[in-house]
$ cat start-v6.csv   # CSV, C-alpha atoms and all ligand atoms
chain,number,residue,atom,x,y,z
T,2,MET,CA,11.8,-20.2,10.1
T,3,PRO,CA,15.1,-18.7,11.4
T,4,ILE,CA,18.1,-20.9,11.3
T,5,GLY,CA,19.2,-21.6,14.8
T,6,PRO,CA,22.8,-22.2,15.9
T,7,ALA,CA,22.0,-25.3,18.0
T,8,SER,CA,24.3,-27.8,16.2
T,9,VAL,CA,27.3,-25.5,16.2
T,10,VAL,CA,26.8,-24.6,19.9
T,11,SER,CA,26.5,-28.2,21.1
T,12,HIS,CA,29.6,-29.2,19.1
T,13,GLU,CA,31.5,-26.3,20.6
T,14,HIS,CA,30.2,-26.9,24.1
T,15,PHE,CA,31.2,-30.6,23.7
T,16,LEU,CA,34.7,-29.5,22.8
T,17,GLY,CA,34.7,-26.9,25.5
T,18,ILE,CA,35.7,-24.0,23.2
T,19,ARG,CA,34.0,-21.1,21.5
T,20,THR,CA,35.3,-20.3,18.0
T,21,VAL,CA,32.3,-18.5,16.5
T,22,MET,CA,30.4,-15.4,17.7
T,23,HIS,CA,26.7,-16.2,18.0
T,24,ILE,CA,24.5,-13.1,17.4
T,25,VAL,CA,20.7,-13.1,17.6
T,26,THR,CA,18.9,-10.3,15.9
T,27,LEU,CA,15.4,-9.2,16.7
T,28,ALA,CA,13.5,-7.0,14.3
T,29,GLY,CA,10.6,-5.2,15.8
T,30,SER,CA,9.2,-3.6,12.6
T,31,PRO,CA,6.2,-5.2,11.0
T,32,SER,CA,7.8,-4.6,7.6
T,33,ALA,CA,10.6,-6.8,6.3
T,34,ASN,CA,12.0,-4.0,4.2
T,35,SER,CA,12.1,-1.1,6.6
T,36,ARG,CA,14.4,1.6,7.9
T,37,SER,CA,15.1,-0.1,11.2
T,38,THR,CA,15.8,-3.5,9.6
T,39,SER,CA,18.1,-1.8,7.1
T,40,MET,CA,20.4,-1.0,10.1
T,41,LEU,CA,20.4,-4.7,11.0
T,42,ASP,CA,21.2,-5.6,7.4
T,43,TYR,CA,24.2,-3.2,7.5
T,44,LEU,CA,25.4,-4.8,10.8
T,45,ARG,CA,25.2,-8.3,9.4
T,46,GLN,CA,27.0,-7.4,6.3
T,47,ARG,CA,29.7,-5.5,8.1
T,48,ILE,CA,30.5,-8.3,10.6
T,49,GLY,CA,30.2,-10.9,7.9
T,50,ALA,CA,28.8,-14.4,8.0
T,51,ALA,CA,32.4,-15.8,8.1
T,52,ASN,CA,32.9,-14.1,11.5
T,53,ALA,CA,29.6,-14.7,13.2
T,54,GLN,CA,26.7,-17.1,13.2
T,55,PHE,CA,23.5,-15.0,13.0
T,56,SER,CA,20.1,-16.2,14.1
T,57,SER,CA,17.6,-13.6,12.8
T,58,PHE,CA,14.1,-13.3,14.1
T,59,ALA,CA,11.3,-11.0,12.7
T,60,LEU,CA,7.6,-10.8,13.4
T,61,ASP,CA,6.9,-12.9,10.3
T,62,ASP,CA,8.9,-15.8,11.7
T,63,PHE,CA,6.3,-16.5,14.4
T,64,ASP,CA,2.9,-18.1,14.3
T,65,PRO,CA,0.7,-15.1,15.2
T,66,ASN,CA,-1.2,-16.9,17.9
T,67,ALA,CA,2.0,-18.2,19.5
T,68,LEU,CA,3.4,-14.7,19.4
T,69,VAL,CA,0.3,-12.9,20.8
T,70,GLN,CA,-0.8,-15.5,23.3
T,71,GLY,CA,2.7,-16.5,24.4
T,72,HIS,CA,2.7,-20.2,23.6
T,73,TRP,CA,5.9,-21.2,25.3
T,74,ASP,CA,5.9,-24.7,23.9
T,75,HIS,CA,5.4,-23.6,20.2
T,76,PRO,CA,8.4,-24.5,18.0
T,77,ASP,CA,8.7,-20.8,16.8
T,78,VAL,CA,8.9,-19.7,20.4
T,79,ALA,CA,11.3,-22.4,21.4
T,80,ALA,CA,13.6,-21.5,18.5
T,81,LEU,CA,13.8,-17.9,19.8
T,82,ARG,CA,14.4,-18.9,23.4
T,83,ASP,CA,17.1,-21.5,22.5
T,84,ALA,CA,18.9,-19.1,20.1
T,85,VAL,CA,18.9,-16.2,22.7
T,86,LEU,CA,20.1,-18.5,25.5
T,87,ALA,CA,22.9,-19.8,23.3
T,88,SER,CA,24.0,-16.4,22.0
T,89,ASP,CA,26.8,-14.1,22.9
T,90,ALA,CA,25.0,-11.0,21.8
T,91,VAL,CA,21.5,-9.8,21.0
T,92,VAL,CA,21.0,-7.0,18.6
T,93,ILE,CA,17.5,-5.4,18.6
T,94,THR,CA,15.9,-3.0,16.1
T,95,THR,CA,12.7,-1.2,16.5
T,96,PRO,CA,10.7,1.7,15.0
T,97,VAL,CA,9.4,4.3,17.4
T,98,TYR,CA,5.7,3.9,17.9
T,99,GLN,CA,3.9,6.4,20.1
T,100,ALA,CA,7.1,7.5,21.8
T,101,SER,CA,8.1,4.0,22.7
T,102,PHE,CA,9.4,0.8,21.0
T,103,SER,CA,7.1,-1.3,18.8
T,104,GLY,CA,4.4,-3.6,20.3
T,105,GLY,CA,5.7,-6.4,18.1
T,106,LEU,CA,9.1,-6.2,19.7
T,107,LYS,CA,7.5,-6.3,23.1
T,108,LEU,CA,5.7,-9.5,22.1
T,109,MET,CA,9.0,-11.1,21.2
T,110,LEU,CA,10.7,-9.9,24.4
T,111,ASP,CA,7.8,-11.2,26.4
T,112,LEU,CA,8.5,-14.7,25.0
T,113,LEU,CA,11.9,-14.7,26.7
T,114,PRO,CA,12.4,-16.3,30.1
T,115,GLN,CA,13.5,-14.2,33.1
T,116,GLY,CA,17.2,-13.5,32.9
T,117,ALA,CA,17.5,-14.4,29.3
T,118,LEU,CA,19.8,-11.5,28.6
T,119,THR,CA,22.1,-12.2,31.5
T,120,ARG,CA,25.8,-12.2,30.3
T,121,LYS,CA,24.8,-11.1,26.8
T,122,THR,CA,26.1,-8.0,25.1
T,123,VAL,CA,23.0,-6.1,24.0
T,124,LEU,CA,22.8,-3.5,21.3
T,125,ALA,CA,19.6,-1.6,20.4
T,126,LEU,CA,19.0,0.3,17.2
T,127,ALA,CA,15.9,2.4,16.5
T,128,THR,CA,14.3,4.6,13.9
T,129,GLY,CA,11.8,7.3,14.4
T,130,GLY,CA,9.9,9.8,12.1
T,131,SER,CA,12.0,12.6,13.6
T,132,ASP,CA,14.6,13.1,16.3
T,133,HIS,CA,12.0,13.9,18.9
T,134,HIS,CA,12.0,10.5,20.5
T,135,LEU,CA,15.7,9.9,20.5
T,136,LEU,CA,15.6,9.2,24.2
T,137,MET,CA,13.2,6.3,23.8
T,138,LEU,CA,16.1,3.9,23.7
T,139,ASP,CA,17.2,5.0,27.2
T,140,TYR,CA,13.9,5.6,28.8
T,141,ALA,CA,11.6,3.0,27.3
T,142,LEU,CA,13.7,0.1,25.9
T,143,LYS,CA,16.6,0.0,28.3
T,144,PRO,CA,14.6,-0.7,31.4
T,145,VAL,CA,12.9,-3.6,29.7
T,146,LEU,CA,16.2,-5.1,28.6
T,147,SER,CA,17.6,-4.6,32.1
T,148,SER,CA,14.6,-6.5,33.6
T,149,LEU,CA,15.6,-9.4,31.3
T,150,GLY,CA,19.1,-9.4,32.9
T,151,ALA,CA,21.0,-7.3,30.3
T,152,ARG,CA,23.8,-5.7,32.3
T,153,HIS,CA,26.0,-4.9,29.3
T,154,GLN,CA,24.1,-2.7,27.0
T,155,LEU,CA,26.1,-0.8,24.4
T,156,ALA,CA,25.1,2.8,23.6
T,157,GLY,CA,22.1,2.6,21.2
T,158,VAL,CA,21.9,4.1,17.8
T,159,TYR,CA,18.9,6.2,16.7
T,160,ALA,CA,18.2,7.3,13.2
T,161,SER,CA,15.5,9.3,11.4
T,162,PRO,CA,14.6,9.6,7.7
T,163,LEU,CA,17.4,12.2,7.5
T,164,HIS,CA,19.8,9.4,8.1
T,165,ILE,CA,18.2,6.7,6.0
T,166,GLU,CA,16.9,7.5,2.5
T,167,LYS,CA,14.5,5.5,0.5
T,168,GLU,CA,15.8,4.9,-3.0
T,169,MET,CA,13.8,4.6,-6.2
T,170,ASP,CA,13.9,0.8,-6.1
T,171,GLY,CA,12.3,0.9,-2.6
T,172,ARG,CA,15.4,-0.1,-0.7
T,173,TYR,CA,16.8,2.0,2.1
T,174,ARG,CA,20.3,3.6,2.0
T,175,LEU,CA,22.1,4.5,5.2
T,176,GLY,CA,23.8,7.9,5.1
T,177,GLU,CA,27.6,8.2,5.8
T,178,GLU,CA,27.1,9.8,9.2
T,179,LEU,CA,24.8,7.0,10.4
T,180,GLN,CA,27.3,4.4,9.0
T,181,SER,CA,30.0,6.0,11.0
T,182,ARG,CA,27.9,5.8,14.2
T,183,LEU,CA,27.1,2.2,13.5
T,184,ASN,CA,30.7,1.3,12.8
T,185,VAL,CA,31.7,2.5,16.3
T,186,VAL,CA,29.1,0.3,18.0
T,187,ILE,CA,29.8,-2.7,15.7
T,188,ASP,CA,33.5,-2.5,16.7
T,189,GLU,CA,32.5,-2.4,20.3
T,190,LEU,CA,30.2,-5.4,19.8
T,191,ILE,CA,33.0,-7.4,18.2
T,192,ASP,CA,35.5,-6.4,21.0
T,193,ALA,CA,33.0,-7.5,23.6
T,194,ILE,CA,32.2,-10.9,22.2
T,195,ALA,CA,35.0,-12.1,19.9
T,196,PRO,CA,36.0,-15.5,21.4
T,197,ALA,CA,39.2,-15.3,23.4
T,198,THR,CA,40.4,-18.6,21.9
T,199,ALA,CA,40.1,-17.3,18.4
T,200,GLU,CA,40.7,-13.6,19.1
T,201,PRO,CA,43.5,-12.8,16.7
T,202,ARG,CA,42.0,-14.6,13.8
T,203,THR,CA,38.5,-13.5,14.5
T,204,ARG,CA,39.3,-9.9,15.0
T,205,HIS,CA,41.7,-9.7,12.1
T,206,ALA,CA,39.1,-11.3,9.8
T,207,ALA,CA,36.4,-9.0,11.1
T,208,ARG,CA,38.5,-5.9,10.6
T,209,LEU,CA,39.3,-7.1,7.0
T,210,ALA,CA,35.6,-7.5,6.4
T,211,LEU,CA,35.0,-4.0,7.7
T,212,ALA,CA,37.8,-2.4,5.6
I,1,LIG,C1,1.8,3.6,14.6
I,1,LIG,C2,3.0,4.5,14.4
I,1,LIG,C3,3.4,5.3,15.4
I,1,LIG,C4,4.5,6.1,15.3
I,1,LIG,N1,4.9,6.9,16.3
I,1,LIG,C5,6.1,7.6,16.2
I,1,LIG,C6,6.5,8.5,17.3
I,1,LIG,O1,5.9,8.5,18.4
I,1,LIG,N2,7.7,9.2,17.2
I,1,LIG,C7,8.4,9.1,16.0
I,1,LIG,O2,9.4,9.8,15.9
I,1,LIG,N3,8.0,8.4,14.9
I,1,LIG,C8,6.8,7.6,15.0
I,1,LIG,N4,6.4,6.9,14.0
I,1,LIG,C9,7.2,6.8,12.7
I,1,LIG,C10,8.2,5.6,12.7
I,1,LIG,O3,8.9,5.5,13.9
I,1,LIG,C11,9.2,5.7,11.6
I,1,LIG,O4,8.5,5.8,10.4
I,1,LIG,C12,10.1,4.6,11.6
I,1,LIG,O5,11.2,4.9,10.8
I,1,LIG,C13,9.5,3.3,11.0
I,1,LIG,O6,10.5,2.3,11.0
I,1,LIG,P1,10.5,1.0,10.1
I,1,LIG,O7,10.6,1.5,8.7
I,1,LIG,O8,11.6,0.2,10.5
I,1,LIG,O9,9.2,0.3,10.3
I,1,LIG,C14,5.3,6.1,14.1
I,1,LIG,C15,4.8,5.3,13.0
I,1,LIG,C16,3.7,4.5,13.2
I,1,LIG,C17,3.3,3.6,12.1
$ encode --input "start-v6.csv" --output "structure tokens"
Amino acid sequence: MPIGPASVVSHEHFLGIRTVMHIVTLAGSPSANSRSTSMLDYLRQRIGAANAQFSSFALDDFDPNALVQGHWDHPDVAALRDAVLASDAVVITTPVYQASFSGGLKLMLDLLPQGALTRKTVLALATGGSDHHLLMLDYALKPVLSSLGARHQLAGVYASPLHIEKEMDGRYRLGEELQSRLNVVIDELIDAIAPATAEPRTRHAARLALA
């Protein structure tokens, strides 16, 4: 089960301040160790747990029936909904499947209420077997996120096996060019959601973590 930020959020809301960035990640690959999720791992490491509270969701985190049949009252589904509604940003990764995003990701998105992404900063990351479906992010995923209320979508990042190599131990290694592209959008993400009340400390700490 993912760890949700509910206690932190309610405490902050009680005090009327926001001191921590809340980021939800949704991984649309059926594999936990995968090219697309390796980009999420990179983002989480670069921002750092000290600077943001992450609530991470992957397909394995859901009861399969609740996921496929959309059981709104299931605790797994409620955890996703609550985390997204309490978040500042949602970062999505997906492999390209048949020129679109994965069906698993669509099942997760279908569990969200209308307008769930309103006032969230949204970043989408995708991997494909080649560069042929680079525009999938704009033509397939973006309209779905817009229909969920996402008005602030950062430019997505797309990678192919040329950008992410599989190492001997089975782990994935991001190439330098891809890391540079990710660094740009990660900076944009931090700039968009770093809490105004904690801006100097948060940004400074985040930049140190990135150095
Ligand atoms: C069912 C299926 C369909 C796929 N369709 C495409 C496709 O249309 N275009 C493409 O570039 N890659 C396609 N691929 C390749 C995956 O997008 C690619 O291997 C991706 O990096 C996998 O990401 P992951 O390791 O995060 O699961 C497909 C792979 C599978 C399993």
$ residues_around --input "start-v6.csv" --residues "Arg82 of chain T" --least-positions-apart "2" --cutoff "8 Å" --atoms "all atoms listed in the file" --output "JSON, numbers by chain"
{"T": [78, 79, 80, 84, 85, 86, 112, 113, 114]}
$ write_last_selection --input "start-v6.csv" --atoms "C-alpha atoms" --output "PDB file, in the frame of the given file"
ATOM      1  CA  VAL T  78       8.900 -19.700  20.400  1.00  0.00           C
ATOM      2  CA  ALA T  79      11.300 -22.400  21.400  1.00  0.00           C
ATOM      3  CA  ALA T  80      13.600 -21.500  18.500  1.00  0.00           C
ATOM      4  CA  ALA T  84      18.900 -19.100  20.100  1.00  0.00           C
ATOM      5  CA  VAL T  85      18.900 -16.200  22.700  1.00  0.00           C
ATOM      6  CA  LEU T  86      20.100 -18.500  25.500  1.00  0.00           C
ATOM      7  CA  LEU T 112       8.500 -14.700  25.000  1.00  0.00           C
ATOM      8  CA  LEU T 113      11.900 -14.700  26.700  1.00  0.00           C
ATOM      9  CA  PRO T 114      12.400 -16.300  30.100  1.00  0.00           C
TER      10      PRO T 114
END
$ residues_near_point --input "start-v6.csv" --point "(9.2, 8.3, 17.5)" --cutoff "6 Å" --atoms "only C-alpha atoms" --output "ChimeraX atom specification"
/T:97-98,100,129-130,134
$ closest_residue --input "start-v6.csv" --among "T:Lys143, T:His23, T:Arg45, T:Arg36" --to "Arg174 of chain T" --atoms "all atoms listed in the file"
T:Arg36
$ residues_around --input "start-v6.csv" --residues "Leu149 of chain T" --least-positions-apart "6" --cutoff "8 Å" --atoms "only C-alpha atoms" --output "list in words"
Leu113, Pro114, Gln115, Gly116, Ala117, Leu118 and Thr119 of chain T
$ residues_near_point --input "start-v6.csv" --point "(13.8, -13.5, 15.5)" --cutoff "10 Å" --atoms "only C-alpha atoms" --output "PyMOL selection string"
chain T and resi 2-5+25-29+56-63+77-78+80-82+84-85+93+106+109
$ write_last_selection --input "start-v6.csv" --atoms "C-alpha atoms" --output "PDB file, keeping the file's coordinate frame"
ATOM      1  CA  MET T   2      11.800 -20.200  10.100  1.00  0.00           C
ATOM      2  CA  PRO T   3      15.100 -18.700  11.400  1.00  0.00           C
ATOM      3  CA  ILE T   4      18.100 -20.900  11.300  1.00  0.00           C
ATOM      4  CA  GLY T   5      19.200 -21.600  14.800  1.00  0.00           C
ATOM      5  CA  VAL T  25      20.700 -13.100  17.600  1.00  0.00           C
ATOM      6  CA  THR T  26      18.900 -10.300  15.900  1.00  0.00           C
ATOM      7  CA  LEU T  27      15.400  -9.200  16.700  1.00  0.00           C
ATOM      8  CA  ALA T  28      13.500  -7.000  14.300  1.00  0.00           C
ATOM      9  CA  GLY T  29      10.600  -5.200  15.800  1.00  0.00           C
ATOM     10  CA  SER T  56      20.100 -16.200  14.100  1.00  0.00           C
ATOM     11  CA  SER T  57      17.600 -13.600  12.800  1.00  0.00           C
ATOM     12  CA  PHE T  58      14.100 -13.300  14.100  1.00  0.00           C
ATOM     13  CA  ALA T  59      11.300 -11.000  12.700  1.00  0.00           C
ATOM     14  CA  LEU T  60       7.600 -10.800  13.400  1.00  0.00           C
ATOM     15  CA  ASP T  61       6.900 -12.900  10.300  1.00  0.00           C
ATOM     16  CA  ASP T  62       8.900 -15.800  11.700  1.00  0.00           C
ATOM     17  CA  PHE T  63       6.300 -16.500  14.400  1.00  0.00           C
ATOM     18  CA  ASP T  77       8.700 -20.800  16.800  1.00  0.00           C
ATOM     19  CA  VAL T  78       8.900 -19.700  20.400  1.00  0.00           C
ATOM     20  CA  ALA T  80      13.600 -21.500  18.500  1.00  0.00           C
ATOM     21  CA  LEU T  81      13.800 -17.900  19.800  1.00  0.00           C
ATOM     22  CA  ARG T  82      14.400 -18.900  23.400  1.00  0.00           C
ATOM     23  CA  ALA T  84      18.900 -19.100  20.100  1.00  0.00           C
ATOM     24  CA  VAL T  85      18.900 -16.200  22.700  1.00  0.00           C
ATOM     25  CA  ILE T  93      17.500  -5.400  18.600  1.00  0.00           C
ATOM     26  CA  LEU T 106       9.100  -6.200  19.700  1.00  0.00           C
ATOM     27  CA  MET T 109       9.000 -11.100  21.200  1.00  0.00           C
TER      28      MET T 109
END
$ closest_atom_pairs --input "start-v6.csv" --of "chain T" --to "ligand LIG 1 (chain I)" --cutoff "12 Å" --atoms "all atoms listed in the file" --output "Markdown table"
| residue | atom | partner | partner_atom | distance |
| --- | --- | --- | --- | --- |
| T:Leu27 | CA | I:LIG1 | O8 | 11.9 |
| T:Ala28 | CA | I:LIG1 | O8 | 8.4 |
| T:Gly29 | CA | I:LIG1 | O8 | 7.6 |
| T:Ser30 | CA | I:LIG1 | O9 | 4.5 |
| T:Pro31 | CA | I:LIG1 | O9 | 6.3 |
| T:Ser32 | CA | I:LIG1 | O9 | 5.8 |
| T:Ala33 | CA | I:LIG1 | O8 | 8.2 |
| T:Asn34 | CA | I:LIG1 | O7 | 7.2 |
| T:Ser35 | CA | I:LIG1 | O7 | 3.7 |
| T:Arg36 | CA | I:LIG1 | O7 | 3.9 |
| T:Ser37 | CA | I:LIG1 | O8 | 3.6 |
| T:Thr38 | CA | I:LIG1 | O8 | 5.7 |
| T:Ser39 | CA | I:LIG1 | O8 | 7.6 |
| T:Met40 | CA | I:LIG1 | O8 | 8.9 |
| T:Leu41 | CA | I:LIG1 | O8 | 10.1 |
| T:Asp42 | CA | I:LIG1 | O8 | 11.6 |
| T:Ala59 | CA | I:LIG1 | O8 | 11.4 |
| T:Leu60 | CA | I:LIG1 | O9 | 11.6 |
| T:Ile93 | CA | I:LIG1 | O8 | 11.5 |
| T:Thr94 | CA | I:LIG1 | O8 | 7.8 |
| T:Thr95 | CA | I:LIG1 | O8 | 6.3 |
| T:Pro96 | CA | I:LIG1 | O6 | 4.0 |
| T:Val97 | CA | I:LIG1 | O3 | 3.7 |
| T:Tyr98 | CA | I:LIG1 | N1 | 3.5 |
| T:Gln99 | CA | I:LIG1 | O1 | 3.4 |
| T:Ala100 | CA | I:LIG1 | O1 | 3.7 |
| T:Ser101 | CA | I:LIG1 | O1 | 6.6 |
| T:Phe102 | CA | I:LIG1 | O3 | 8.5 |
| T:Ser103 | CA | I:LIG1 | C3 | 8.3 |
| T:Gly104 | CA | I:LIG1 | C1 | 9.5 |
| T:Gly105 | CA | I:LIG1 | O9 | 10.9 |
| T:Leu106 | CA | I:LIG1 | O9 | 11.4 |
| T:Leu126 | CA | I:LIG1 | O8 | 10.0 |
| T:Ala127 | CA | I:LIG1 | O8 | 7.7 |
| T:Thr128 | CA | I:LIG1 | O5 | 4.4 |
| T:Gly129 | CA | I:LIG1 | O3 | 3.4 |
| T:Gly130 | CA | I:LIG1 | N3 | 3.7 |
| T:Ser131 | CA | I:LIG1 | O2 | 4.5 |
| T:Asp132 | CA | I:LIG1 | O2 | 6.2 |
| T:His133 | CA | I:LIG1 | O2 | 5.7 |
| T:His134 | CA | I:LIG1 | O2 | 5.3 |
| T:Leu135 | CA | I:LIG1 | O2 | 7.8 |
| T:Leu136 | CA | I:LIG1 | O2 | 10.4 |
| T:Met137 | CA | I:LIG1 | N2 | 9.1 |
| T:Leu138 | CA | I:LIG1 | O2 | 11.9 |
| T:Ala141 | CA | I:LIG1 | O1 | 11.9 |
| T:Tyr159 | CA | I:LIG1 | O5 | 9.8 |
| T:Ala160 | CA | I:LIG1 | O5 | 7.8 |
| T:Ser161 | CA | I:LIG1 | O5 | 6.2 |
| T:Pro162 | CA | I:LIG1 | O5 | 6.6 |
| T:Leu163 | CA | I:LIG1 | O5 | 10.1 |
| T:His164 | CA | I:LIG1 | O5 | 10.1 |
| T:Ile165 | CA | I:LIG1 | O5 | 8.7 |
| T:Glu166 | CA | I:LIG1 | O5 | 10.4 |
| T:Lys167 | CA | I:LIG1 | O7 | 9.9 |
| T:Gly171 | CA | I:LIG1 | O7 | 11.4 |
| T:Arg172 | CA | I:LIG1 | O7 | 10.7 |
| T:Tyr173 | CA | I:LIG1 | O7 | 9.1 |
| T:Arg174 | CA | I:LIG1 | O7 | 12.0 |
$ atom_distance --input "start-v6.csv" --atom1 "atom CA of Gly150 of chain T" --atom2 "atom CA of Ile191 of chain T"
20.3 Å
$ atom_distance --input "start-v6.csv" --atom1 "atom CA of Ile24 of chain T" --atom2 "atom CA of Asn66 of chain T"
26.0 Å
$ atom_distance --input "start-v6.csv" --atom1 "atom CA of Ala51 of chain T" --atom2 "atom CA of Met22 of chain T"
9.8 Å
$ residues_around --input "start-v6.csv" --residues "Ala156 of chain T" --least-positions-apart "4" --cutoff "9 Å" --atoms "all atoms listed in the file" --output "list in words"
Leu124, Ala125, Asp139 and Val186 of chain T
$ closest_residue --input "start-v6.csv" --among "T:Met169, T:Val91, T:Ile48, T:Ile187" --to "Thr122 of chain T" --atoms "all atoms listed in the file"
T:Val91
$ residues_around --input "start-v6.csv" --residues "His153 of chain T" --least-positions-apart "6" --cutoff "8 Å" --atoms "all atoms listed in the file" --output "PyMOL selection string"
chain T and resi 120-123
